[in-house]
Every structure is written in C-alpha cells, then in structure tokens.
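Participant: Pasting start-v5.txt here (compact mmCIF, C-alpha atoms):
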```
# COMPACT_ATOMS: atom_id res chain seq x y z
CA MET Q 1 6.43 -31.29 17.59
CA SER Q 2 4.98 -28.04 16.24
CA ILE Q 3 7.15 -25.87 14.00
CA LEU Q 4 4.96 -22.80 14.56
CA PRO Q 5 6.76 -20.22 16.75
CA LYS Q 6 3.55 -18.92 18.32
CA LYS Q 7 -0.10 -19.90 18.48
CA ASN Q 8 -3.21 -18.22 19.82
CA GLU Q 9 -5.81 -19.89 22.00
CA LEU Q 10 -7.31 -21.65 18.96
CA GLY Q 11 -3.93 -23.01 17.86
CA PHE Q 12 -3.43 -20.62 14.92
CA PHE Q 13 -0.44 -18.59 13.77
CA GLU Q 14 -2.00 -15.60 12.00
CA ILE Q 15 -0.73 -13.08 9.44
CA ARG Q 16 -2.53 -9.99 8.15
CA LEU Q 17 -1.44 -8.13 5.01
CA GLU Q 18 -2.43 -4.46 4.66
CA SER Q 19 -2.30 -3.06 1.15
CA ILE Q 20 -4.10 -1.18 -1.60
CA GLY Q 21 -5.55 -2.62 -4.80
CA GLY Q 22 -2.96 -3.18 -7.50
CA LEU Q 23 0.04 -4.16 -5.34
CA GLY Q 24 -0.76 -7.89 -5.33
CA ALA Q 25 -1.49 -8.54 -1.64
CA ASN Q 26 -4.33 -10.90 -2.51
CA LEU Q 27 -2.06 -13.07 -4.68
CA ALA Q 28 0.73 -12.83 -2.09
CA GLY Q 29 -1.61 -14.20 0.58
CA LYS Q 30 -2.63 -17.12 -1.63
CA MET Q 31 0.97 -17.99 -2.47
CA LEU Q 32 2.07 -17.69 1.16
CA ALA Q 33 -0.67 -20.06 2.34
CA GLU Q 34 0.08 -22.48 -0.49
CA ALA Q 35 3.77 -22.60 0.40
CA GLY Q 36 2.97 -23.44 4.03
CA VAL Q 37 0.41 -26.10 3.16
CA LEU Q 38 2.16 -27.85 0.27
CA GLY Q 39 5.74 -27.21 1.37
CA LEU Q 40 5.49 -27.97 5.10
CA GLY Q 41 2.30 -29.99 5.47
CA LEU Q 42 0.64 -27.40 7.70
CA ASN Q 43 -3.07 -26.74 7.65
CA GLY Q 44 -3.69 -23.26 6.30
CA SER Q 45 -6.31 -20.91 4.94
CA ASN Q 46 -6.32 -17.61 3.11
CA PHE Q 47 -8.94 -15.07 2.10
CA SER Q 48 -9.07 -11.36 1.43
CA THR Q 49 -11.42 -8.46 1.99
CA TYR Q 50 -11.68 -5.42 -0.27
CA GLY Q 51 -14.23 -2.90 -1.41
CA SER Q 52 -14.69 -1.89 -5.02
CA GLU Q 53 -11.83 -4.03 -6.38
CA LYS Q 54 -10.04 -1.09 -7.96
CA LYS Q 55 -6.52 0.25 -7.78
CA GLY Q 56 -5.91 2.35 -4.72
CA SER Q 57 -8.71 1.03 -2.50
CA PRO Q 58 -7.67 -0.60 0.82
CA VAL Q 59 -7.20 -4.39 0.74
CA LYS Q 60 -6.60 -6.87 3.56
CA SER Q 61 -5.37 -10.41 3.07
CA PHE Q 62 -5.52 -12.97 5.91
CA ILE Q 63 -3.42 -16.11 6.36
CA ARG Q 64 -3.87 -18.73 9.09
CA PHE Q 65 -1.52 -21.64 9.79
CA CYS Q 66 -1.95 -24.45 12.29
CA ASP Q 67 -0.56 -27.92 12.98
CA PRO Q 68 -1.78 -30.78 10.75
CA GLU Q 69 -3.92 -32.29 13.52
CA THR Q 70 -5.76 -28.99 14.11
CA GLU Q 71 -8.78 -28.17 11.97
CA ILE Q 72 -9.43 -24.64 10.75
CA ARG Q 73 -13.05 -23.79 11.41
CA ALA Q 74 -12.58 -20.06 11.87
CA HIS Q 75 -13.00 -17.95 8.75
CA SER Q 76 -13.44 -14.53 10.31
CA PRO Q 77 -11.04 -11.63 9.60
CA ILE Q 78 -7.86 -11.72 11.66
CA GLU Q 79 -8.05 -9.16 14.45
CA GLU Q 80 -5.00 -10.05 16.56
CA PRO Q 81 -2.23 -11.15 14.14
CA HIS Q 82 1.25 -12.29 15.06
CA VAL Q 83 2.67 -10.68 11.89
CA ILE Q 84 1.47 -7.69 9.88
CA GLY Q 85 2.75 -6.83 6.40
CA VAL Q 86 2.22 -3.21 5.26
CA PHE Q 87 2.59 -2.93 1.47
CA HIS Q 88 2.08 0.83 1.22
CA GLU Q 89 3.05 3.55 3.71
CA ALA Q 90 0.23 5.89 2.66
CA LEU Q 91 -2.20 3.47 4.31
CA TYR Q 92 -1.29 5.12 7.63
CA LYS Q 93 -3.55 8.01 6.58
CA MET Q 94 -6.61 5.82 6.03
CA VAL Q 95 -6.22 2.65 8.11
CA ASP Q 96 -4.91 1.74 11.57
CA VAL Q 97 -2.63 -0.90 10.07
CA VAL Q 98 -1.20 -2.17 13.39
CA SER Q 99 -4.58 -2.56 15.06
CA GLY Q 100 -4.67 -5.66 17.27
CA LEU Q 101 -0.91 -6.34 17.20
CA ALA Q 102 0.55 -8.07 20.28
CA PRO Q 103 3.44 -6.38 22.19
CA ASP Q 104 5.85 -8.99 20.80
CA GLY Q 105 4.38 -8.91 17.29
CA ILE Q 106 6.25 -8.16 14.07
CA VAL Q 107 5.40 -5.45 11.54
CA LEU Q 108 6.94 -5.59 8.07
CA VAL Q 109 6.82 -2.28 6.16
CA ASN Q 110 7.65 -1.48 2.54
CA SER Q 111 9.75 1.65 3.06
CA THR Q 112 13.16 3.29 2.74
CA ARG Q 113 12.85 5.40 5.89
CA ASP Q 114 14.45 5.07 9.32
CA PHE Q 115 13.00 2.70 11.89
CA ASP Q 116 12.17 5.43 14.40
CA ASP Q 117 10.30 7.54 11.83
CA ILE Q 118 8.18 4.58 10.78
CA LYS Q 119 7.56 3.64 14.43
CA ARG Q 120 6.34 7.17 15.15
CA ASP Q 121 3.96 7.24 12.18
CA LEU Q 122 2.59 3.80 13.02
CA ARG Q 123 2.13 4.84 16.67
CA LEU Q 124 3.88 1.60 17.53
CA GLU Q 125 5.15 1.26 21.09
CA TYR Q 126 6.64 -2.24 21.27
CA GLY Q 127 7.50 -5.18 19.06
CA THR Q 128 9.79 -5.86 16.13
CA LEU Q 129 9.84 -3.58 13.09
CA ALA Q 130 11.07 -5.04 9.80
CA VAL Q 131 11.76 -2.74 6.84
CA VAL Q 132 12.41 -3.62 3.20
CA ASP Q 133 12.52 -1.44 0.07
CA ALA Q 134 10.12 -3.69 -1.80
CA LEU Q 135 9.20 -1.02 -4.34
CA GLY Q 136 12.84 -0.30 -5.18
CA ILE Q 137 13.55 -4.00 -5.66
CA ALA Q 138 10.45 -4.43 -7.82
CA VAL Q 139 11.40 -1.46 -10.03
CA GLU Q 140 14.96 -2.73 -10.54
CA GLU Q 141 13.84 -6.29 -11.31
CA LYS Q 142 10.77 -5.16 -13.32
CA THR Q 143 8.39 -7.18 -11.17
CA LYS Q 144 5.80 -6.30 -8.51
CA VAL Q 145 5.98 -5.28 -4.89
CA ASN Q 146 4.22 -8.44 -3.65
CA THR Q 147 7.08 -10.79 -4.57
CA ALA Q 148 9.65 -8.72 -2.67
CA MET Q 149 7.29 -8.54 0.30
CA LEU Q 150 6.90 -12.32 0.17
CA GLY Q 151 10.66 -12.72 0.40
CA ALA Q 152 10.78 -10.48 3.47
CA LEU Q 153 7.79 -12.30 5.01
CA PHE Q 154 9.62 -15.61 4.67
CA ARG Q 155 12.54 -14.11 6.56
CA VAL Q 156 10.15 -12.87 9.24
CA CYS Q 157 8.34 -16.24 9.43
CA ASP Q 158 11.51 -18.31 9.63
CA PHE Q 159 9.60 -21.57 10.08
CA LEU Q 160 8.56 -21.36 6.41
CA ASP Q 161 10.74 -22.91 3.70
CA PRO Q 162 11.95 -20.42 1.05
CA GLU Q 163 12.55 -23.23 -1.44
CA ALA Q 164 8.87 -24.17 -1.20
CA MET Q 165 7.98 -20.60 -2.07
CA LYS Q 166 10.24 -20.63 -5.11
CA GLN Q 167 8.39 -23.70 -6.36
CA VAL Q 168 5.09 -21.89 -5.88
CA ILE Q 169 6.44 -18.93 -7.87
CA ARG Q 170 7.47 -21.23 -10.70
CA LYS Q 171 4.09 -22.95 -10.66
CA THR Q 172 2.24 -19.61 -10.63
CA PHE Q 173 4.10 -17.97 -13.53
CA GLU Q 174 5.56 -20.69 -15.77
CA LYS Q 175 2.42 -21.41 -17.82
CA LYS Q 176 1.17 -17.90 -18.64
CA TYR Q 177 4.26 -15.78 -17.98
CA PRO Q 178 7.37 -17.98 -18.27
CA HIS Q 179 9.59 -14.92 -18.92
CA LEU Q 180 8.74 -13.61 -15.44
CA VAL Q 181 9.80 -16.70 -13.48
CA GLU Q 182 13.48 -15.91 -12.97
CA SER Q 183 12.96 -12.19 -12.31
CA ASN Q 184 10.35 -12.99 -9.65
CA ILE Q 185 12.65 -15.51 -8.01
CA ARG Q 186 15.40 -12.87 -7.92
CA THR Q 187 12.93 -10.41 -6.43
CA PHE Q 188 11.93 -12.95 -3.78
CA GLU Q 189 15.56 -13.65 -2.87
CA ARG Q 190 16.40 -9.94 -2.63
CA GLY Q 191 13.42 -9.32 -0.38
CA TYR Q 192 14.55 -12.22 1.80
CA HIS Q 193 18.14 -10.98 2.16
CA GLU Q 194 17.62 -7.20 2.18
CA VAL Q 195 15.02 -6.90 4.95
CA ARG Q 196 16.27 -5.15 8.12
CA PHE Q 197 15.05 -5.57 11.70
CA LYS Q 198 14.86 -3.53 14.88
CA THR Q 199 13.22 -4.68 18.10
CA TYR Q 200 11.61 -2.36 20.64
CA GLU Q 201 11.51 -4.33 23.87
CA ALA Q 202 8.18 -4.46 25.68
CA PRO Q 203 7.95 -4.42 29.49
CA GLU Q 204 6.23 -7.35 31.19
CA SER Q 205 3.14 -5.24 31.81
CA ALA Q 206 2.80 -4.20 28.15
CA ARG Q 207 -0.51 -4.83 26.39
CA GLY Q 208 -1.16 -5.27 22.71
CA LYS Q 209 -2.83 -2.60 20.60
CA ALA Q 210 -6.59 -2.96 20.87
CA PHE Q 211 -8.28 -3.96 17.63
CA SER Q 212 -10.55 -1.26 16.22
CA ARG Q 213 -13.15 -1.81 13.54
CA PRO Q 214 -14.29 1.35 11.71
CA GLU Q 215 -18.03 1.82 12.00
CA PRO Q 216 -20.17 3.40 9.25
CA LEU Q 217 -21.47 6.90 9.99
CA LEU Q 218 -24.99 5.98 8.90
CA GLY Q 219 -26.76 2.74 9.85
CA TYR Q 220 -30.27 1.44 10.44
CA GLU Q 221 -30.54 3.55 13.62
CA THR Q 222 -28.98 6.76 12.28
CA GLN Q 223 -30.01 6.83 8.59
CA GLU Q 224 -31.93 9.97 7.59
CA ILE Q 225 -35.62 9.47 6.91
CA GLY Q 226 -36.81 9.83 3.34
CA GLY Q 227 -33.84 8.41 1.45
CA ILE Q 228 -31.70 11.55 1.81
CA ILE Q 229 -28.29 11.33 0.18
CA SER Q 230 -25.87 12.98 2.57
CA ALA Q 231 -22.84 12.69 0.22
CA ASN Q 232 -21.95 15.63 -2.02
CA ALA Q 233 -21.74 13.48 -5.15
CA ASN Q 234 -18.23 14.60 -6.01
CA SER Q 235 -14.64 13.94 -4.98
CA ILE Q 236 -13.60 17.51 -4.18
CA PHE Q 237 -13.14 16.76 -0.48
CA LYS Q 238 -11.39 13.41 -0.99
CA ASP Q 239 -7.68 12.84 -0.49
CA LEU Q 240 -6.58 10.36 -3.16
CA SER Q 241 -2.89 10.35 -2.17
CA GLY Q 242 -3.34 6.97 -0.48
CA SER Q 243 -4.05 5.44 -3.90
CA ARG Q 244 -0.56 6.09 -5.26
CA GLN Q 245 1.57 2.99 -5.70
CA GLY Q 246 4.93 4.65 -5.14
CA PHE Q 247 5.25 7.16 -8.00
CA LEU Q 248 3.83 10.57 -8.81
CA PRO Q 249 4.36 13.15 -11.58
CA LYS Q 250 7.01 15.83 -11.08
CA TRP Q 251 6.49 19.09 -13.01
CA GLU Q 252 9.32 21.31 -14.33
CA GLU Q 253 7.95 24.70 -15.29
CA GLU Q 254 10.84 25.72 -17.57
CA LYS Q 255 10.11 22.77 -19.90
CA CYS Q 256 6.34 23.28 -19.99
CA ILE Q 257 4.63 24.70 -23.10
CA HIS Q 258 1.16 24.78 -21.42
CA CYS Q 259 -0.34 22.62 -24.15
CA VAL Q 260 -2.96 21.08 -21.80
CA ALA Q 261 -2.14 17.54 -22.95
CA CYS Q 262 -1.70 16.52 -19.31
CA ASP Q 263 -5.06 17.94 -18.22
CA THR Q 264 -6.79 16.25 -21.13
CA VAL Q 265 -5.81 12.76 -19.95
CA CYS Q 266 -5.99 13.42 -16.18
CA PRO Q 267 -8.99 11.62 -14.64
CA ASP Q 268 -9.19 13.99 -11.65
CA PHE Q 269 -8.60 17.62 -10.58
CA CYS Q 270 -4.82 17.43 -10.40
CA PHE Q 271 -3.66 20.31 -12.60
CA VAL Q 272 -4.07 23.91 -11.49
CA TRP Q 273 -4.41 26.57 -14.20
CA GLU Q 274 -4.33 30.34 -14.13
CA GLU Q 275 -5.29 32.88 -16.76
CA GLY Q 276 -2.50 35.08 -18.06
CA GLU Q 277 -1.09 36.71 -21.18
CA ASP Q 278 1.52 35.34 -23.55
CA LYS Q 279 4.43 37.38 -24.99
CA LYS Q 280 2.11 38.94 -27.58
CA GLY Q 281 -0.47 39.98 -25.00
CA ARG Q 282 -2.98 37.28 -25.90
CA LYS Q 283 -4.95 35.66 -23.09
CA GLN Q 284 -3.98 32.09 -22.34
CA MET Q 285 -4.24 29.56 -19.54
CA PHE Q 286 -0.93 28.76 -17.85
CA LEU Q 287 -0.17 25.71 -15.72
CA ARG Q 288 0.78 26.69 -12.18
CA GLY Q 289 1.31 23.29 -10.59
CA ILE Q 290 -0.22 20.04 -9.37
CA ASP Q 291 -2.67 19.51 -6.52
CA TYR Q 292 -1.40 16.17 -5.23
CA GLN Q 293 -4.50 15.74 -3.07
CA TYR Q 294 -6.26 14.40 -6.16
CA CYS Q 295 -3.33 12.56 -7.76
CA LYS Q 296 -3.68 8.75 -7.82
CA GLY Q 297 -0.30 8.25 -9.46
CA CYS Q 298 -1.69 6.86 -12.72
CA LEU Q 299 1.08 8.77 -14.62
CA LYS Q 300 -1.10 9.20 -17.73
CA CYS Q 301 0.04 12.81 -17.79
CA VAL Q 302 3.69 11.73 -17.97
CA GLU Q 303 2.92 9.59 -21.03
CA ALA Q 304 1.01 12.44 -22.71
CA CYS Q 305 3.53 15.23 -22.07
CA PRO Q 306 5.36 16.11 -25.34
CA THR Q 307 8.24 18.01 -23.75
CA SER Q 308 9.21 15.86 -20.72
CA ALA Q 309 8.05 18.64 -18.40
CA LEU Q 310 6.35 15.86 -16.44
CA THR Q 311 8.40 12.91 -15.25
CA ALA Q 312 7.69 9.94 -12.97
CA GLU Q 313 9.16 10.54 -9.52
CA ARG Q 314 9.61 7.93 -6.79
CA GLU Q 315 7.47 9.34 -3.99
CA GLN Q 316 9.24 10.40 -0.82
CA ILE Q 317 7.54 11.43 2.39
CA GLY Q 318 6.86 15.17 2.25
CA PHE Q 319 7.50 15.64 -1.49
CA ALA Q 320 3.83 16.10 -2.38
CA GLU Q 321 3.23 18.57 0.46
CA GLN Q 322 6.27 20.67 -0.47
CA HIS Q 323 5.40 20.90 -4.19
CA GLN Q 324 1.60 21.00 -4.00
CA VAL Q 325 -0.36 23.87 -5.56
CA LYS Q 326 -3.89 23.86 -4.17
CA GLN Q 327 -6.96 24.00 -6.35
CA LYS Q 328 -9.51 26.75 -5.81
CA PHE Q 329 -13.15 25.71 -5.81
CA PRO Q 330 -14.98 28.90 -4.69
CA PHE Q 331 -18.47 27.47 -5.25
CA VAL Q 332 -17.80 24.86 -2.56
CA ALA Q 333 -17.43 27.65 0.01
CA GLY Q 334 -20.36 29.60 -1.40
CA GLY Q 335 -18.23 32.06 -3.40
CA THR Q 336 -18.32 33.02 -7.06
CA TYR Q 337 -15.74 33.58 -9.75
```
Can you present the structure in this file as structure tokens?

Facilitator:
Amino acid sequence: MSILPKKNELGFFEIRLESIGGLGANLAGKMLAEAGVLGLGLNGSNFSTYGSEKKGSPVKSFIRFCDPETEIRAHSPIEEPHVIGVFHEALYKMVDVVSGLAPDGIVLVNSTRDFDDIKRDLRLEYGTLAVVDALGIAVEEKTKVNTAMLGALFRVCDFLDPEAMKQVIRKTFEKKYPHLVESNIRTFERGYHEVRFKTYEAPESARGKAFSRPEPLLGYETQEIGGIISANANSIFKDLSGSRQGFLPKWEEEKCIHCVACDTVCPDFCFVWEEGEDKKGRKQMFLRGIDYQYCKGCLKCVEACPTSALTAEREQIGFAEQHQVKQKFPFVAGGTY
C-alpha cells in the first residue's frame, strides 16, 4: 500500500522549492530526497535550476517521490507541484512562486506575517498556507534557513519520517562540521513544531493556477540584426531588493560622522550623498540616506561603520520603502549636473 498522500498521472508526489542563492534550497532538496529514499524506501530524485550561482539570484529545487515499484524517468522541471516551499518573501516581486499549484495544494512560506496578507501577495485563491519564521529560528540557533524550512516541510509532508531526516543531518554535518550537528537538529525540530497552518477551502469547480514559464524578450526570431546590445550595461534600473536574505542596514543620522567608510565598501549605489557645509563653513559631502533599491543586504557597511550609525535590521515588509532615499542619476534622463 502506498504511503504517498497524492500522486499525479505518472505516479509522482512532487515538491518545488523556490528560493534565492545563499539560503540553502539546493542542499535542502538533496537532503529531503535522501531522507525519503533511504529512510522510507521510496524512489526519489532531486535536481535544481539556477542562473549565475551567486547569492540573491533565483533558485528552484525539485523533488519527486514515487512508490518503490515505479521508475522515475521524468527529469523535467516540476510544473504542477503538490507542495511549494518559499524560502524568501521578496521572490514575489520577481517570480510567480505558486505557478502551477493545484487548488488543494500546500504552500509553505518563510514569514512572520498574517496568513491573509501572505495570501493576498501570493495571489493565492485556494489551498493550504503554512507559515514558519525560519529566518528567526535560524538566527536564534545560529544555523541557516534551509534546516528550519526542512523541519516545516516534514510537518507538511507527514508521510516522511522526521527521525530519518535527523540521521541525514548528522551524516551531512558530522565529518566537516561536527559542532553544527546539534544546533541544526534543534533548528529542524523547531521548524517542525512551530509551523502554522490555515486552509482556504476550494469549491468543487476550482481549478489550479496555470503554470507560466517566463519567456526571453529576445530570441532567434526577435533578436536585432547586427549584434546590437540592447542592455544599458549598468545596474541603475535594477531592483536588487530581492537579493536580501532577511537583513538590511539601518542608518541613524545622529550617530553618523559622514566618514564615507560605508560607501567605500558598498558594492552598489546604496548611499546617497549631498554637498553641504560643516560648522566652519567648509564644503563637505553629507550622507542623506540609503537607496534600498540597490541594497543586496551584504551588510559590509555595518562592519565598516566606526560609530554604529549603521546596524543590521531584520527586514520587515514596508521598512525599505518608508526609509528609502532615492538616488539621482540625471544623465540617465538626459539631464546634467
């Protein structure tokens, strides 16, 4: 008798993890598949897709389970998953994370917000929404988000054996990082017990969300003739806020001595400066704020600040928009200084 709660027409139970580089979704997918295969004797497969393999770029990890007598011959990306795990809320801005989800599917989100707010931002109509503060758990236990998300995923996929996952955690960390074994097991257990659920019932006529695959703007039929580069060769128009992994710098003007140490280490256009005069009438550049559009949350500025005017702040929805000071790039609009 099958222990899988649901199966598609090919006999697979499918999970898709939506994340950004640096949060460990790729490793989480591998460990999840390993726990199902070695712990329960299921057939399983896992693979990931990602772009430039850098922190902040979108990552997808796919996990398929099926009964032992069923062979896995499909290795295409999962388009209609039974479970979706969203590691980072800022992905809503860049990716349709719930694309292809069935009306009775389950979405697990790393968040501290209310169910209804998350449902609205996801444009989710039906299904079960699971919420866990994976980042908060990881910060308190000094581990990573992926282990807390794994704990919550095991609660969501209740046919999986948590004890098998703990063995995988031990096997993964005990050789290279033995000091991280117990903290990761605690993180896993907290994710398992602290996840919350709310179900939005779907009517009988409800349909799943259609899967959408983003198409490139330029292809073999639409590429400009002559090797024209249509990109502007800079990142002025880019919004890098989706790259942040849960923290951003908070600036306190009264503590700032305008020493420019933060701007020296900043890899992007985050800090906004304005010319002014000091108390003796000498011209000087003064810091006016942070343009969070370009902030990736690397926190190098926090490390460089000599006066603690910059501190690491757990990002909350709306904080960046309320405290943002926009950069001025007049040449982009054809103006001059």

Participant: Segment 267-273 of chain Q: which residues within 9 Å, counting only C-alpha atoms, same-chain residues fewer than 6 positions away excluded, as a PyMOL selection string?

Facilitator: chain Q and resi 235-236+285-296+298+300+325-328

Participant: Between segment 15-134 of chain Q and segment 191-200 of chain Q, at 9 Å or less, what are the per-residue closest atom pairs and their distances in Å? Count all atoms listed in the file, order by chain and rising residue number, and return it as a Markdown table.

Facilitator:
```
| residue | atom | partner | partner_atom | distance |
| --- | --- | --- | --- | --- |
| Q:Asp104 | CA | Q:Tyr200 | CA | 8.8 |
| Q:Ile106 | CA | Q:Thr199 | CA | 8.8 |
| Q:Leu108 | CA | Q:Val195 | CA | 8.8 |
| Q:Phe115 | CA | Q:Lys198 | CA | 7.2 |
| Q:Glu125 | CA | Q:Tyr200 | CA | 7.4 |
| Q:Tyr126 | CA | Q:Tyr200 | CA | 5.0 |
| Q:Gly127 | CA | Q:Tyr200 | CA | 5.2 |
| Q:Thr128 | CA | Q:Thr199 | CA | 4.1 |
| Q:Leu129 | CA | Q:Lys198 | CA | 5.3 |
| Q:Ala130 | CA | Q:Phe197 | CA | 4.4 |
| Q:Val131 | CA | Q:Arg196 | CA | 5.3 |
| Q:Val132 | CA | Q:Val195 | CA | 4.5 |
| Q:Asp133 | CA | Q:Val195 | CA | 7.7 |
| Q:Ala134 | CA | Q:Gly191 | CA | 6.7 |
```

Participant: Just give me the residues with any atom within 10 Å of (-1.3, -11.0, 2.4), file coordinates, counting all atoms listed in the file, written as an MDAnalysis selection string.

Facilitator: chainID Q and resid 15:19 24:33 46:48 59:63 84:87 146 149:150 153

Participant: Interatomic distance between atom CA of Leu124 of chain Q and atom CA of Gln324 of chain Q?

Facilitator: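 Atom CA of Gln324 of chain Q lies at a distance of 29.1 Å from atom CA of Leu124 of chain Q.
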
Participant: With only C-alpha atoms as the counted atoms, please give the residues lying no more than 10 Å from Leu299 of chain Q, apart from itself and same-chain residues fewer than 4 positions off, as number ranges by chain.

Facilitator: Q: 244, 247-250, 262, 265-266, 295, 303-304, 310-313

Participant: So the first atom is atom CA of His88 of chain Q and the second is atom CA of Phe211 of chain Q; what is the distance between them in Å, to one decimal place?

Facilitator: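 Atom CA of Phe211 of chain Q lies 20.0 Å from atom CA of His88 of chain Q.
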
Participant: Can you tell me, as a list in words, what residues are no more than 9 Å from Phe13 of chain Q when counting all atoms listed in the file, ignoring any on the same chain fewer than 4 positions away?

Facilitator: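 The residues that qualify are Leu4, Pro5, Lys6, Lys7, Asn8, Ile63, Arg64, Phe65, Cys66, Pro81, His82 and Val83 of chain Q.
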
Participant: In Å to one decimal, how far is atom CA of His258 of chain Q from atom CA of Phe329 of chain Q?

Facilitator: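 Going from atom CA of Phe329 of chain Q over to atom CA of His258 of chain Q, I get 21.2 Å.
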
Participant: Go through Q:Lys119, Q:Lys238, Q:Arg155, Q:Lys93 one by one, measure the shortest atom-to-atom distance of each to Arg190 of chain Q using only C-alpha atoms, and give the residue with the smallest value.

Facilitator: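 Once distances to Arg190 of chain Q are computed over only C-alpha atoms, the minimum belongs to Q:Arg155.
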
Participant: Pick from Q:Ser241, Q:Ala152, Q:Gln167, Q:Ile3: nearest to Phe319 of chain Q, with all atoms listed in the file counted?

Facilitator: Q:Ser241

Participant: Can you give me N, CA and C atoms for segment 193-209 of chain Q, written as a compact mmCIF listing (two decimals), in the frame of the given file?

Facilitator:
```txt
# COMPACT_ATOMS: atom_id res chain seq x y z
N HIS Q 193 16.81 -11.33 1.63
CA HIS Q 193 18.14 -10.98 2.16
C HIS Q 193 18.27 -9.50 2.53
N GLU Q 194 17.43 -8.63 1.96
CA GLU Q 194 17.62 -7.20 2.18
C GLU Q 194 16.73 -6.61 3.27
N VAL Q 195 15.86 -7.40 3.87
CA VAL Q 195 15.02 -6.90 4.95
C VAL Q 195 15.86 -6.64 6.19
N ARG Q 196 15.54 -5.54 6.91
CA ARG Q 196 16.27 -5.15 8.12
C ARG Q 196 15.31 -5.19 9.32
N PHE Q 197 15.87 -5.41 10.51
CA PHE Q 197 15.05 -5.57 11.70
C PHE Q 197 15.52 -4.64 12.82
N LYS Q 198 14.56 -4.22 13.62
CA LYS Q 198 14.86 -3.53 14.88
C LYS Q 198 13.75 -3.86 15.87
N THR Q 199 14.17 -4.28 17.07
CA THR Q 199 13.22 -4.68 18.10
C THR Q 199 13.12 -3.61 19.18
N TYR Q 200 11.89 -3.27 19.53
CA TYR Q 200 11.61 -2.36 20.64
C TYR Q 200 11.05 -3.21 21.78
N GLU Q 201 11.86 -3.42 22.79
CA GLU Q 201 11.51 -4.33 23.87
C GLU Q 201 10.27 -3.83 24.62
N ALA Q 202 9.40 -4.78 24.95
CA ALA Q 202 8.18 -4.46 25.68
C ALA Q 202 8.33 -4.87 27.14
N PRO Q 203 7.93 -4.03 28.08
CA PRO Q 203 7.95 -4.42 29.49
C PRO Q 203 6.95 -5.55 29.75
N GLU Q 204 7.10 -6.22 30.88
CA GLU Q 204 6.23 -7.35 31.19
C GLU Q 204 4.76 -6.94 31.28
N SER Q 205 4.51 -5.71 31.65
CA SER Q 205 3.14 -5.24 31.81
C SER Q 205 2.52 -4.71 30.51
N ALA Q 206 3.28 -4.78 29.41
CA ALA Q 206 2.80 -4.20 28.15
C ALA Q 206 1.60 -4.96 27.61
N ARG Q 207 0.68 -4.24 27.02
CA ARG Q 207 -0.51 -4.83 26.39
C ARG Q 207 -0.47 -4.57 24.89
N GLY Q 208 -1.10 -5.45 24.15
CA GLY Q 208 -1.16 -5.27 22.71
C GLY Q 208 -2.07 -4.11 22.33
N LYS Q 209 -1.97 -3.67 21.08
CA LYS Q 209 -2.83 -2.60 20.60
C LYS Q 209 -4.24 -3.16 20.39
```
